[in-house]
Structure formats: structure tokens, C-alpha cells
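**Q** This is the content of model.cif (mmCIF, C-alpha atoms and all ligand atoms):
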```cif
data_target
#
loop_
_atom_site.label_atom_id
_atom_site.label_comp_id
_atom_site.auth_asym_id
_atom_site.auth_seq_id
_atom_site.Cartn_x
_atom_site.Cartn_y
_atom_site.Cartn_z
CA MET A 1 70.03 -24.84 313.24
CA LYS A 2 70.70 -24.64 316.98
CA LEU A 3 71.96 -27.65 318.92
CA ALA A 4 72.54 -27.75 322.69
CA HIS A 5 75.16 -30.15 324.06
CA PHE A 6 75.72 -31.10 327.69
CA SER A 7 77.36 -34.01 329.49
CA ASP A 8 78.48 -35.60 332.76
CA ILE A 9 75.65 -34.26 334.90
CA HIS A 10 76.16 -37.05 337.50
CA ILE A 11 73.15 -37.15 339.73
CA THR A 12 74.43 -38.63 342.99
CA HIS A 13 72.12 -40.65 345.15
CA PHE A 14 73.46 -42.14 348.39
CA PRO A 15 73.05 -44.28 350.44
CA LEU A 16 73.21 -46.97 347.85
CA SER A 17 70.25 -49.05 346.90
CA GLY A 18 70.10 -51.94 344.48
CA LYS A 19 72.51 -54.82 344.07
CA PRO A 20 75.65 -54.25 346.17
CA ALA A 21 78.87 -54.34 344.16
CA LEU A 22 82.43 -53.75 345.28
CA LYS A 23 82.86 -51.10 342.60
CA ARG A 24 79.81 -49.17 343.87
CA LEU A 25 81.08 -49.35 347.48
CA ALA A 26 84.47 -48.05 346.35
CA ALA A 27 82.69 -45.14 344.66
CA VAL A 28 80.88 -44.30 347.91
CA ALA A 29 84.27 -44.17 349.62
CA SER A 30 85.63 -41.84 346.96
CA TYR A 31 82.54 -39.60 347.19
CA SER A 32 82.45 -39.42 350.97
CA ILE A 33 86.10 -39.70 351.98
CA ALA A 34 88.08 -38.48 348.97
CA GLY A 35 85.82 -35.46 348.41
CA ARG A 36 84.37 -36.33 345.00
CA GLY A 37 80.94 -35.75 346.53
CA ASN A 38 81.71 -32.02 346.78
CA HIS A 39 81.95 -31.84 342.99
CA PHE A 40 78.33 -32.92 342.57
CA ARG A 41 76.70 -31.77 345.82
CA GLY A 42 73.22 -30.52 344.90
CA SER A 43 73.63 -31.59 341.26
CA ASP A 44 69.90 -32.43 341.11
CA ALA A 45 69.04 -28.71 341.38
CA ARG A 46 71.61 -27.79 338.72
CA ILE A 47 70.28 -30.48 336.37
CA ALA A 48 66.75 -29.06 336.73
CA ARG A 49 68.00 -25.50 336.00
CA LEU A 50 70.15 -26.82 333.13
CA LEU A 51 67.21 -28.47 331.37
CA GLU A 52 65.11 -25.31 331.79
CA ASP A 53 67.95 -23.18 330.41
CA VAL A 54 68.42 -25.49 327.41
CA ASP A 55 64.69 -25.20 326.62
CA ALA A 56 64.83 -21.40 327.03
CA GLN A 57 67.56 -21.09 324.36
CA GLY A 58 65.12 -22.02 321.61
CA VAL A 59 67.31 -24.86 320.37
CA ASP A 60 66.08 -27.27 317.70
CA HIS A 61 67.64 -30.23 319.51
CA ALA A 62 69.59 -31.08 322.66
CA LEU A 63 72.23 -33.80 323.00
CA CYS A 64 73.51 -35.32 326.24
CA THR A 65 76.72 -37.35 325.88
CA GLY A 66 76.36 -39.48 329.01
CA ASP A 67 77.20 -39.92 332.67
CA LEU A 68 73.76 -39.04 333.97
CA THR A 69 74.37 -41.08 337.13
CA GLY A 70 77.19 -41.79 339.61
CA VAL A 71 77.02 -45.55 340.10
CA SER A 72 74.10 -46.68 337.88
CA THR A 73 71.57 -47.54 340.58
CA GLU A 74 67.84 -47.69 339.87
CA ALA A 75 67.39 -44.84 342.38
CA GLU A 76 69.78 -42.57 340.47
CA PHE A 77 68.23 -43.42 337.11
CA SER A 78 64.71 -42.78 338.43
CA GLU A 79 65.74 -39.47 339.95
CA VAL A 80 67.48 -38.12 336.86
CA ALA A 81 64.70 -39.43 334.60
CA GLY A 82 62.22 -37.61 336.86
CA LEU A 83 64.09 -34.36 336.22
CA PHE A 84 63.85 -34.93 332.45
CA GLY A 85 60.11 -35.49 332.91
CA PRO A 86 58.05 -35.13 329.70
CA ARG A 87 61.25 -34.60 327.69
CA LEU A 88 61.80 -38.39 327.95
CA ALA A 89 59.03 -38.86 325.42
CA GLN A 90 60.41 -36.33 322.90
CA PRO A 91 63.05 -38.04 320.74
CA ALA A 92 62.66 -35.35 318.08
CA ARG A 93 63.93 -32.77 320.62
CA TYR A 94 66.34 -34.77 322.81
CA THR A 95 69.05 -37.38 322.29
CA VAL A 96 70.79 -39.04 325.26
CA ILE A 97 73.60 -41.63 325.11
CA PRO A 98 75.18 -43.52 328.04
CA GLY A 99 78.54 -42.87 329.71
CA ASN A 100 80.67 -45.28 331.72
CA HIS A 101 78.92 -44.26 334.96
CA ASP A 102 75.60 -45.34 333.39
CA ARG A 103 77.00 -48.83 332.71
CA TYR A 104 78.95 -48.92 335.96
CA VAL A 105 78.50 -52.58 336.91
CA ARG A 106 77.07 -55.62 335.17
CA GLY A 107 74.08 -55.59 337.53
CA ALA A 108 72.96 -52.28 335.97
CA ASP A 109 72.32 -53.91 332.56
CA GLY A 110 69.22 -52.48 330.91
CA LEU A 111 68.65 -49.63 333.38
CA PHE A 112 69.80 -46.92 330.95
CA GLU A 113 67.52 -48.31 328.24
CA LYS A 114 64.60 -48.63 330.67
CA HIS A 115 64.71 -44.92 331.49
CA PHE A 116 66.29 -43.25 328.44
CA GLY A 117 65.52 -45.79 325.70
CA LYS A 118 63.19 -43.46 323.82
CA LEU A 119 65.93 -40.82 323.53
CA SER A 120 68.57 -43.34 322.38
CA GLU A 121 66.63 -45.19 319.66
CA GLY A 122 65.99 -48.09 322.06
CA GLY A 123 69.69 -48.43 322.82
CA ARG A 124 70.48 -49.91 319.38
CA PHE A 125 73.88 -48.42 318.54
CA PRO A 126 75.20 -47.06 316.30
CA PHE A 127 72.23 -45.02 315.14
CA VAL A 128 71.59 -42.07 312.86
CA LYS A 129 69.05 -39.41 313.74
CA HIS A 130 68.16 -36.57 311.40
CA LEU A 131 67.84 -33.44 313.54
CA SER A 132 66.74 -31.16 310.71
CA ASP A 133 66.58 -31.34 306.93
CA ARG A 134 70.37 -30.76 306.78
CA VAL A 135 71.84 -31.85 310.14
CA SER A 136 72.25 -35.44 311.42
CA VAL A 137 73.72 -37.03 314.52
CA VAL A 138 75.43 -40.41 314.45
CA ALA A 139 75.65 -41.86 317.96
CA ILE A 140 77.86 -44.67 319.22
CA ASP A 141 77.93 -46.42 322.59
CA VAL A 142 81.47 -46.99 323.86
CA ALA A 143 80.65 -47.41 327.57
CA ARG A 144 80.76 -50.80 329.31
CA PRO A 145 81.04 -52.23 332.81
CA THR A 146 84.67 -52.57 333.85
CA SER A 147 86.71 -53.69 336.84
CA LEU A 148 87.37 -51.66 339.98
CA ILE A 149 90.52 -49.99 338.64
CA ASP A 150 89.44 -49.52 335.04
CA SER A 151 87.18 -46.86 333.52
CA SER A 152 88.15 -47.40 329.88
CA GLY A 153 85.69 -47.61 327.01
CA LEU A 154 85.58 -49.64 323.81
CA CYS A 155 83.91 -49.06 320.46
CA GLY A 156 84.63 -52.61 319.30
CA ALA A 157 85.24 -54.04 315.82
CA LYS A 158 81.58 -54.75 315.11
CA GLN A 159 80.38 -51.25 316.00
CA ARG A 160 83.30 -49.66 314.09
CA GLU A 161 82.30 -51.61 310.99
CA ALA A 162 78.69 -50.42 311.30
CA LEU A 163 79.90 -46.86 311.97
CA LEU A 164 82.05 -46.90 308.83
CA GLY A 165 79.06 -48.06 306.81
CA ILE A 166 76.98 -45.15 308.13
CA LEU A 167 79.64 -42.44 307.72
CA THR A 168 80.55 -43.46 304.17
CA ASP A 169 76.93 -43.77 303.04
CA ALA A 170 76.00 -41.38 300.25
CA SER A 171 72.91 -40.21 302.18
CA LEU A 172 75.12 -38.23 304.61
CA LYS A 173 77.38 -36.69 301.98
CA ASP A 174 75.70 -33.30 301.74
CA ARG A 175 74.58 -33.06 305.35
CA PHE A 176 76.22 -31.54 308.43
CA VAL A 177 77.16 -34.66 310.41
CA VAL A 178 77.81 -34.78 314.15
CA MET A 179 79.24 -37.90 315.78
CA ALA A 180 78.27 -38.28 319.45
CA LEU A 181 80.08 -40.50 321.95
CA HIS A 182 80.88 -40.34 325.65
CA TYR A 183 84.67 -40.78 325.60
CA GLY A 184 87.21 -38.36 324.14
CA LEU A 185 89.48 -39.42 321.31
CA LEU A 186 92.26 -37.05 322.37
CA ARG A 187 93.01 -35.04 325.50
CA ALA A 188 93.05 -31.24 325.50
CA GLU A 189 96.72 -31.01 324.49
CA GLY A 190 96.24 -33.48 321.65
CA GLN A 191 97.73 -36.59 323.28
CA ARG A 192 95.98 -39.95 323.82
CA ASP A 193 94.10 -40.46 327.06
CA ALA A 194 95.57 -42.76 329.74
CA ARG A 195 94.89 -46.46 329.17
CA PRO A 196 92.63 -46.99 332.24
CA HIS A 197 90.56 -43.86 331.42
CA GLY A 198 90.38 -43.61 327.63
CA LEU A 199 88.90 -45.46 324.71
CA ARG A 200 90.83 -48.73 324.14
CA ASP A 201 90.42 -48.49 320.36
CA ASP A 202 90.88 -44.70 320.11
CA VAL A 203 93.51 -45.06 317.35
CA GLU A 204 91.23 -47.27 315.25
CA VAL A 205 88.26 -44.90 315.70
CA MET A 206 90.39 -41.88 314.70
CA GLU A 207 91.74 -43.71 311.63
CA LEU A 208 88.13 -44.44 310.68
CA ILE A 209 86.79 -40.89 311.06
CA ASP A 210 89.84 -39.35 309.35
CA ARG A 211 89.27 -41.32 306.14
CA ALA A 212 88.72 -39.11 303.10
CA ASP A 213 85.52 -40.95 302.14
CA VAL A 214 83.86 -40.30 305.53
CA SER A 215 81.23 -37.54 305.88
CA LEU A 216 81.76 -35.92 309.27
CA ASP A 217 81.84 -32.37 310.59
CA LEU A 218 82.06 -32.54 314.37
CA VAL A 219 82.80 -35.03 317.13
CA LEU A 220 80.99 -34.18 320.38
CA HIS A 221 81.80 -35.84 323.69
CA GLY A 222 82.25 -35.50 327.45
CA HIS A 223 83.99 -37.84 329.98
CA MET A 224 86.71 -35.27 330.68
CA HIS A 225 85.10 -32.68 332.95
CA ARG A 226 87.09 -29.71 331.61
CA PRO A 227 85.90 -28.32 328.25
CA TYR A 228 88.20 -28.00 325.20
CA VAL A 229 88.39 -28.12 321.41
CA VAL A 230 90.94 -30.39 319.73
CA LYS A 231 91.64 -31.70 316.22
CA THR A 232 92.35 -35.17 314.92
CA LYS A 233 94.12 -35.25 311.51
CA ARG A 234 90.96 -34.16 309.72
CA ARG A 235 88.12 -33.60 312.23
CA THR A 236 87.24 -31.17 315.02
CA ALA A 237 86.30 -32.64 318.40
CA ILE A 238 84.60 -30.69 321.18
CA CYS A 239 84.67 -31.87 324.78
CA VAL A 240 81.86 -29.99 326.49
CA GLY A 241 83.04 -30.97 330.00
CA SER A 242 80.71 -31.50 332.94
CA ALA A 243 77.61 -29.33 333.20
CA THR A 244 77.38 -29.75 336.98
CA ASP A 245 80.89 -30.42 338.43
CA LEU A 246 81.56 -27.48 340.76
CA HIS A 247 85.32 -28.07 340.63
CA VAL A 248 85.69 -27.24 336.92
CA LYS A 249 88.01 -24.22 336.84
CA GLN A 250 86.36 -22.53 333.84
CA GLY A 251 82.94 -23.06 335.45
CA CYS A 252 80.71 -26.05 334.75
CA GLY A 253 78.42 -25.54 331.82
CA TYR A 254 77.27 -26.52 328.37
CA HIS A 255 77.30 -25.39 324.75
CA VAL A 256 74.85 -24.07 322.21
CA TYR A 257 76.08 -24.62 318.65
CA GLU A 258 74.70 -22.49 315.87
CA ILE A 259 75.20 -24.57 312.75
CA ASP A 260 75.27 -23.38 309.15
CA PRO A 261 75.04 -26.75 307.37
CA ALA A 262 75.58 -25.50 303.82
CA ALA A 263 78.76 -23.60 304.74
CA HIS A 264 79.91 -26.33 307.17
CA ARG A 265 80.38 -23.74 309.89
CA VAL A 266 79.56 -23.83 313.59
CA ARG A 267 79.59 -21.11 316.23
CA ILE A 268 80.10 -22.21 319.85
CA GLU A 269 78.42 -20.31 322.68
CA ARG A 270 79.31 -21.48 326.19
CA ARG A 271 76.84 -21.09 329.06
CA VAL A 272 78.01 -21.67 332.65
CA TRP A 273 76.51 -22.20 336.08
CA SER A 274 76.27 -19.03 338.15
CA ALA A 275 75.85 -19.98 341.82
CA GLY A 276 74.70 -16.53 343.01
CA PRO A 277 71.47 -16.28 341.01
CA GLY A 278 71.34 -20.09 340.73
CA ARG A 279 71.09 -20.32 336.96
CA TYR A 280 73.08 -20.91 333.77
CA GLU A 281 74.25 -17.77 331.94
CA ALA A 282 76.18 -16.93 328.77
CA ASP A 283 79.92 -16.85 329.48
CA ALA A 284 80.97 -14.04 327.14
CA ALA A 285 84.61 -14.32 328.29
CA SER A 286 84.92 -18.06 327.54
CA ALA A 287 87.84 -19.07 325.33
CA LEU A 288 85.53 -21.75 323.93
CA ASN A 289 83.33 -19.17 322.15
CA ARG A 290 84.46 -19.24 318.53
CA GLU A 291 83.44 -20.01 314.97
CA LEU A 292 84.83 -23.09 313.24
CA VAL A 293 84.86 -24.30 309.67
CA THR A 294 84.29 -28.05 309.86
CA ARG A 295 84.95 -29.33 306.31
FE FE B 301 82.63 -40.62 331.97
#
```
Would you put the structure from the file into C-alpha cells?
**A**
Amino acid sequence: MKLAHFSDIHITHFPLSGKPALKRLAAVASYSIAGRGNHFRGSDARIARLLEDVDAQGVDHALCTGDLTGVSTEAEFSEVAGLFGPRLAQPARYTVIPGNHDRYVRGADGLFEKHFGKLSEGGRFPFVKHLSDRVSVVAIDVARPTSLIDSSGLCGAKQREALLGILTDASLKDRFVVMALHYGLLRAEGQRDARPHGLRDDVEVMELIDRADVSLDLVLHGHMHRPYVVKTKRRTAICVGSATDLHVKQGCGYHVYEIDPAAHRVRIERRVWSAGPGRYEADAASALNRELVTR
């Protein structure tokens, strides 16, 4: 079974339209003055090439772990949804969950669901989707609007309870189970993320997924733009990094996972943006390319 995974594609549409909000204006300042705009200049063209490349890999399913937009305006959502095109109506082939930039301000409520609802089970989290007869994804939404100086996420007690019910259910016991979320549980070196950037209940979520009675093979996420593999006590987590951020040292890109569900094995192949030819290509030298045993 082949699964593609990409994240943090950040279409960036200025000048701003929609309801003005201080947080959005501050983002414009950071894009135009502090240089963040250079990271995502021309990201619309890379997103189009990315989606074509994903389709060309012959994957069974593709997962996007959020941050499709910069500041959650209707204009950004329409533009990125336009690039997805007919894929928006193919939930059997695509799954998309929101990141913090897709729930940037309270005024953006419902915009993610309006455009990507079909690929996120109507935005009713947590949800389980069976990707093949042996592989399932369990998706949670930990993104929420926050204040100007806060980009933290929260799973919340209610969603954690529902997640525990799903992951301990006998129906997932013999399957290869992927948990998808936007935020990382640990940073690349294995430490917790900073309080204003990470998941507020990271410790509680890790305690939950590390339980012996939980069926789980892989945690897939983005949020951090640099890719890495890290382990909690019992589980393997893969941060795919940003697929379009030009300032990622290892090259911005995405992963194709070849999954052997019966053996609980996965092989990671990293594909990165190559500016010369203007396409994504296999990165044979990537330190991310490896085979992992997940249970
Ligand atoms: Fe993010």
C-alpha cells in the first residue's frame, strides 16, 4: 500500500481580503517586512506541481496534515481549493486536515470545512478512514484560533477520550494504523515543543498513544517545516516538514510511504522540490529514506 504525505504548503494571498483582524495584519508585516514571504513566494506553482507529482507516484492515498493557507482568508482557501480541483471530490484518494494557519482567527470559522469538508469527513473529528483493506488513518484536529503571540494547539479532553475509544477498539487491532495531526508531539531532538508553538496537551496525547492497549503504527504530522523522524516511548512519529518552504535546508518536499501492513513495516521515500526543472524529484541522498518496523 502506498501513501503520500505532505504538509504546510501555505498558499499566500496578499493583499488581504475578508474580515480585518490584528493577527492577520501582523502576519502581513511578518511576510513583507520580516522576510517570511520569501519562504513561500510562488508557492501556488509548487502546490500545483506537488499535486501532479503525488498523482504520478501511483499512490493509493494522499494525506495532507494542514496549513494550506497563510492567514485563513476566503481568497486563500479558494485559491488552494482551485489547485486541488477535482481531487476535492475524491475522499477515497485524498484526506486533508487543518493546521493552525487554517484556523487563524475566529472570523475564519467554517472556511476550512466549506472548501475541504469532503476530504475531512465533514470536519467531524476525530475520524477513522479505511484507506485499504489493511490500512486505516485516524485523524484529529488540534488547531484553533489563538491570540497574536500564541500559535499553540490543543487536542482537548473530549477529543482525547474519543481518540482513546477509537485506538483501543478491537476493529483496529490487526490493521496498520496511522494517526494524522498537524502539530508535532516532540521536536527533532526528542524534547517538547515550546509552549507558544506546541500542543498544550502533548504529554497527555503521548501518554494515550503509548498505552499498551492502543493499536497504532505511525504518527504523521507537519507544523515544523524541517522533516525528521522521532520516537515517543512506544511509537514512531514522522514530521514531513513543509512541501513548499524554500528555506528548508534539506529541501522542501514530501514523503511516499510503502506500507507492509502484515509485517508492520514502512519504507520512507523522500521527494524534494528541484527549482531548475521546476518539479519534485526523488531525493536519493535524503537521511529520511529508511525502513522502519512500527510494532
Ligand atoms: Fe502549523
**Q** Which chains and residue numbers are within 7 Å of ligand FE 301 (chain B), counting all atoms listed in the file, if I want them as a ChimeraX atom specification?
**A** /A:8,67,99-101,182-183,222-224
**Q** Hey, could you make a per-residue contact list for segment 49-147 of chain A against segment 238-258 of chain A with 10 Å as the cut-off, showing the nearest pair of atoms and its distance in Å to one decimal, counting all atoms listed in the file, sorted by chain and number, as a tab-separated table?
**A**
```
residue	atom	partner	partner_atom	distance
A:Leu50	CA	A:Ala243	CA	7.9
A:Val54	CA	A:Val256	CA	8.4
A:Gln57	CA	A:Val256	CA	8.2
A:Gly58	CA	A:Val256	CA	10.0
A:Val59	CA	A:Val256	CA	7.8
A:His61	CA	A:Val256	CA	9.9
A:Ala62	CA	A:Val256	CA	8.8
A:Leu63	CA	A:His255	CA	10.0
A:Cys64	CA	A:Tyr254	CA	9.8
A:Thr65	CA	A:Val240	CA	9.0
A:Gly66	CA	A:Ser242	CA	9.9
A:Asp67	CA	A:Ser242	CA	9.1
```
**Q** Within 12 Å of segment 261-279 of chain A, which residues of segment 81-143 of chain A show up? Give each one with its shortest atom-to-atom distance in Å (one decimal) and the two atoms involved, counting all atoms listed in the file, rows by chain then rising residue number, as CSV.
**A**
```
residue,atom,partner,partner_atom,distance
A:Leu131,CA,A:Pro261,CA,11.6
A:Ser132,CA,A:Pro261,CA,10.0
A:Asp133,CA,A:Pro261,CA,9.6
A:Arg134,CA,A:Pro261,CA,6.2
A:Val135,CA,A:Pro261,CA,6.6
A:Ser136,CA,A:Pro261,CA,10.0
```
**Q** I need the chosen residues saved as a CSV table (one decimal), in the frame of the given file, with C-alpha atoms.
**A**
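Saved result, selection-v4.csv, follows:
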```
chain,number,residue,atom,x,y,z
A,131,LEU,CA,67.8,-33.4,313.5
A,132,SER,CA,66.7,-31.2,310.7
A,133,ASP,CA,66.6,-31.3,306.9
A,134,ARG,CA,70.4,-30.8,306.8
A,135,VAL,CA,71.8,-31.8,310.1
A,136,SER,CA,72.2,-35.4,311.4
```
**Q** Between A:Pro227, A:Asp141, A:Pro91, A:Ala27, which residue has the minimum interatomic distance to Gly123 of chain A, considering only C-alpha atoms?
**A**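 Of A:Pro227, A:Asp141, A:Pro91, A:Ala27, the one nearest Gly123 of chain A, counting only C-alpha atoms, is A:Asp141.
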**Q** Is there a way to get, as a list in words, all residues within 12 Å of the point (88.1, -42.8, 301.5) in file coordinates, counting all atoms listed in the file?
**A**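 Within the cut-off we find Leu164, Gly165, Leu167, Thr168, Asp169, Glu207, Leu208, Ile209, Asp210, Arg211, Ala212, Asp213, Val214 and Ser215 of chain A.
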**Q** Can you work out which one of A:Gly153, A:Ala48, A:Arg36, A:Arg106 has the shortest atom-to-atom distance to Pro196 of chain A, counting all atoms listed in the file?
**A** A:Gly153
**Q** Between atom CA of Arg49 of chain A and atom CA of Leu83 of chain A, what distance in Å does the model show, to one decimal?
**A**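 A separation of 9.7 Å between them.
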**Q** Could you give me, as number ranges by chain, the residues within 9 Å of Ala188 of chain A, counting only C-alpha atoms and dropping anything in the same chain fewer than 2 positions from it?
**A** A: 186, 190-191, 226-230, 239
**Q** Got a sec to check which residues sit within 9 Å of (88.1, -31.9, 316.8), counting all atoms listed in the file, and write them as a list of chain:residue names?
**A**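 Final list of nearby residues, as requested, is A:Leu185, A:Leu186, A:Asp217, A:Leu218, A:Val219, A:Leu220, A:Val229, A:Val230, A:Lys231, A:Thr232, A:Lys233, A:Arg234, A:Arg235, A:Thr236, A:Ala237, A:Ile238, A:Cys239, A:Thr294.
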**Q** What is the atom CA of Val80 of chain A to atom CA of Leu163 of chain A distance in Å?
**A**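 So the two atoms, atom CA of Val80 of chain A and atom CA of Leu163 of chain A, lie 29.2 Å apart.
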**Q** At a cut-off of 7 Å, using all atoms listed in the file, what residues contact segment 69-77 of chain A? Leave out same-chain residues fewer than 4 positions from it and give the result as a VMD selection string.
**A** chain A and resid 10 to 13 17 to 18 24 81 101 to 104 108 111 115
**Q** Smallest atom-to-atom distance to Gln159 of chain A: which of A:Glu204, A:Glu281, A:Asp53, A:Glu113, using all atoms listed in the file?
**A** A:Glu204
**Q** What is the distance, in Å and to one decimal place, between atom CA of Arg192 of chain A and atom CA of Arg144 of chain A?
**A**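 Computing it gives 19.5 Å between the two atoms.
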**Q** Calculated over only C-alpha atoms, which of the candidates A:Cys155, A:His221, A:Lys173, A:Ala139 has the smallest distance to Val205 of chain A?
**A**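 Counting only C-alpha atoms, the residue closest to Val205 of chain A is A:Cys155.
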**Q** Determine, counting all atoms listed in the file, which protein, DNA and RNA residues have an atom within 6 Å of an atom of segment 198-203 of chain A; residues of the same chain fewer than 3 positions away are not included. Present the result as a short mmCIF file (atom, residue, chain, number, x, y, z; two decimals) with C-alpha atoms, keeping the file's coordinate frame.
**A**
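Result file is part-v7.cif:
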```
data_model
loop_
_atom_site.label_atom_id
_atom_site.label_comp_id
_atom_site.auth_asym_id
_atom_site.auth_seq_id
_atom_site.Cartn_x
_atom_site.Cartn_y
_atom_site.Cartn_z
CA SER A 152 88.15 -47.40 329.88
CA GLY A 153 85.69 -47.61 327.01
CA LEU A 154 85.58 -49.64 323.81
CA LEU A 185 89.48 -39.42 321.31
CA ASP A 193 94.10 -40.46 327.06
CA ALA A 194 95.57 -42.76 329.74
CA ARG A 195 94.89 -46.46 329.17
CA MET A 206 90.39 -41.88 314.70
#
```
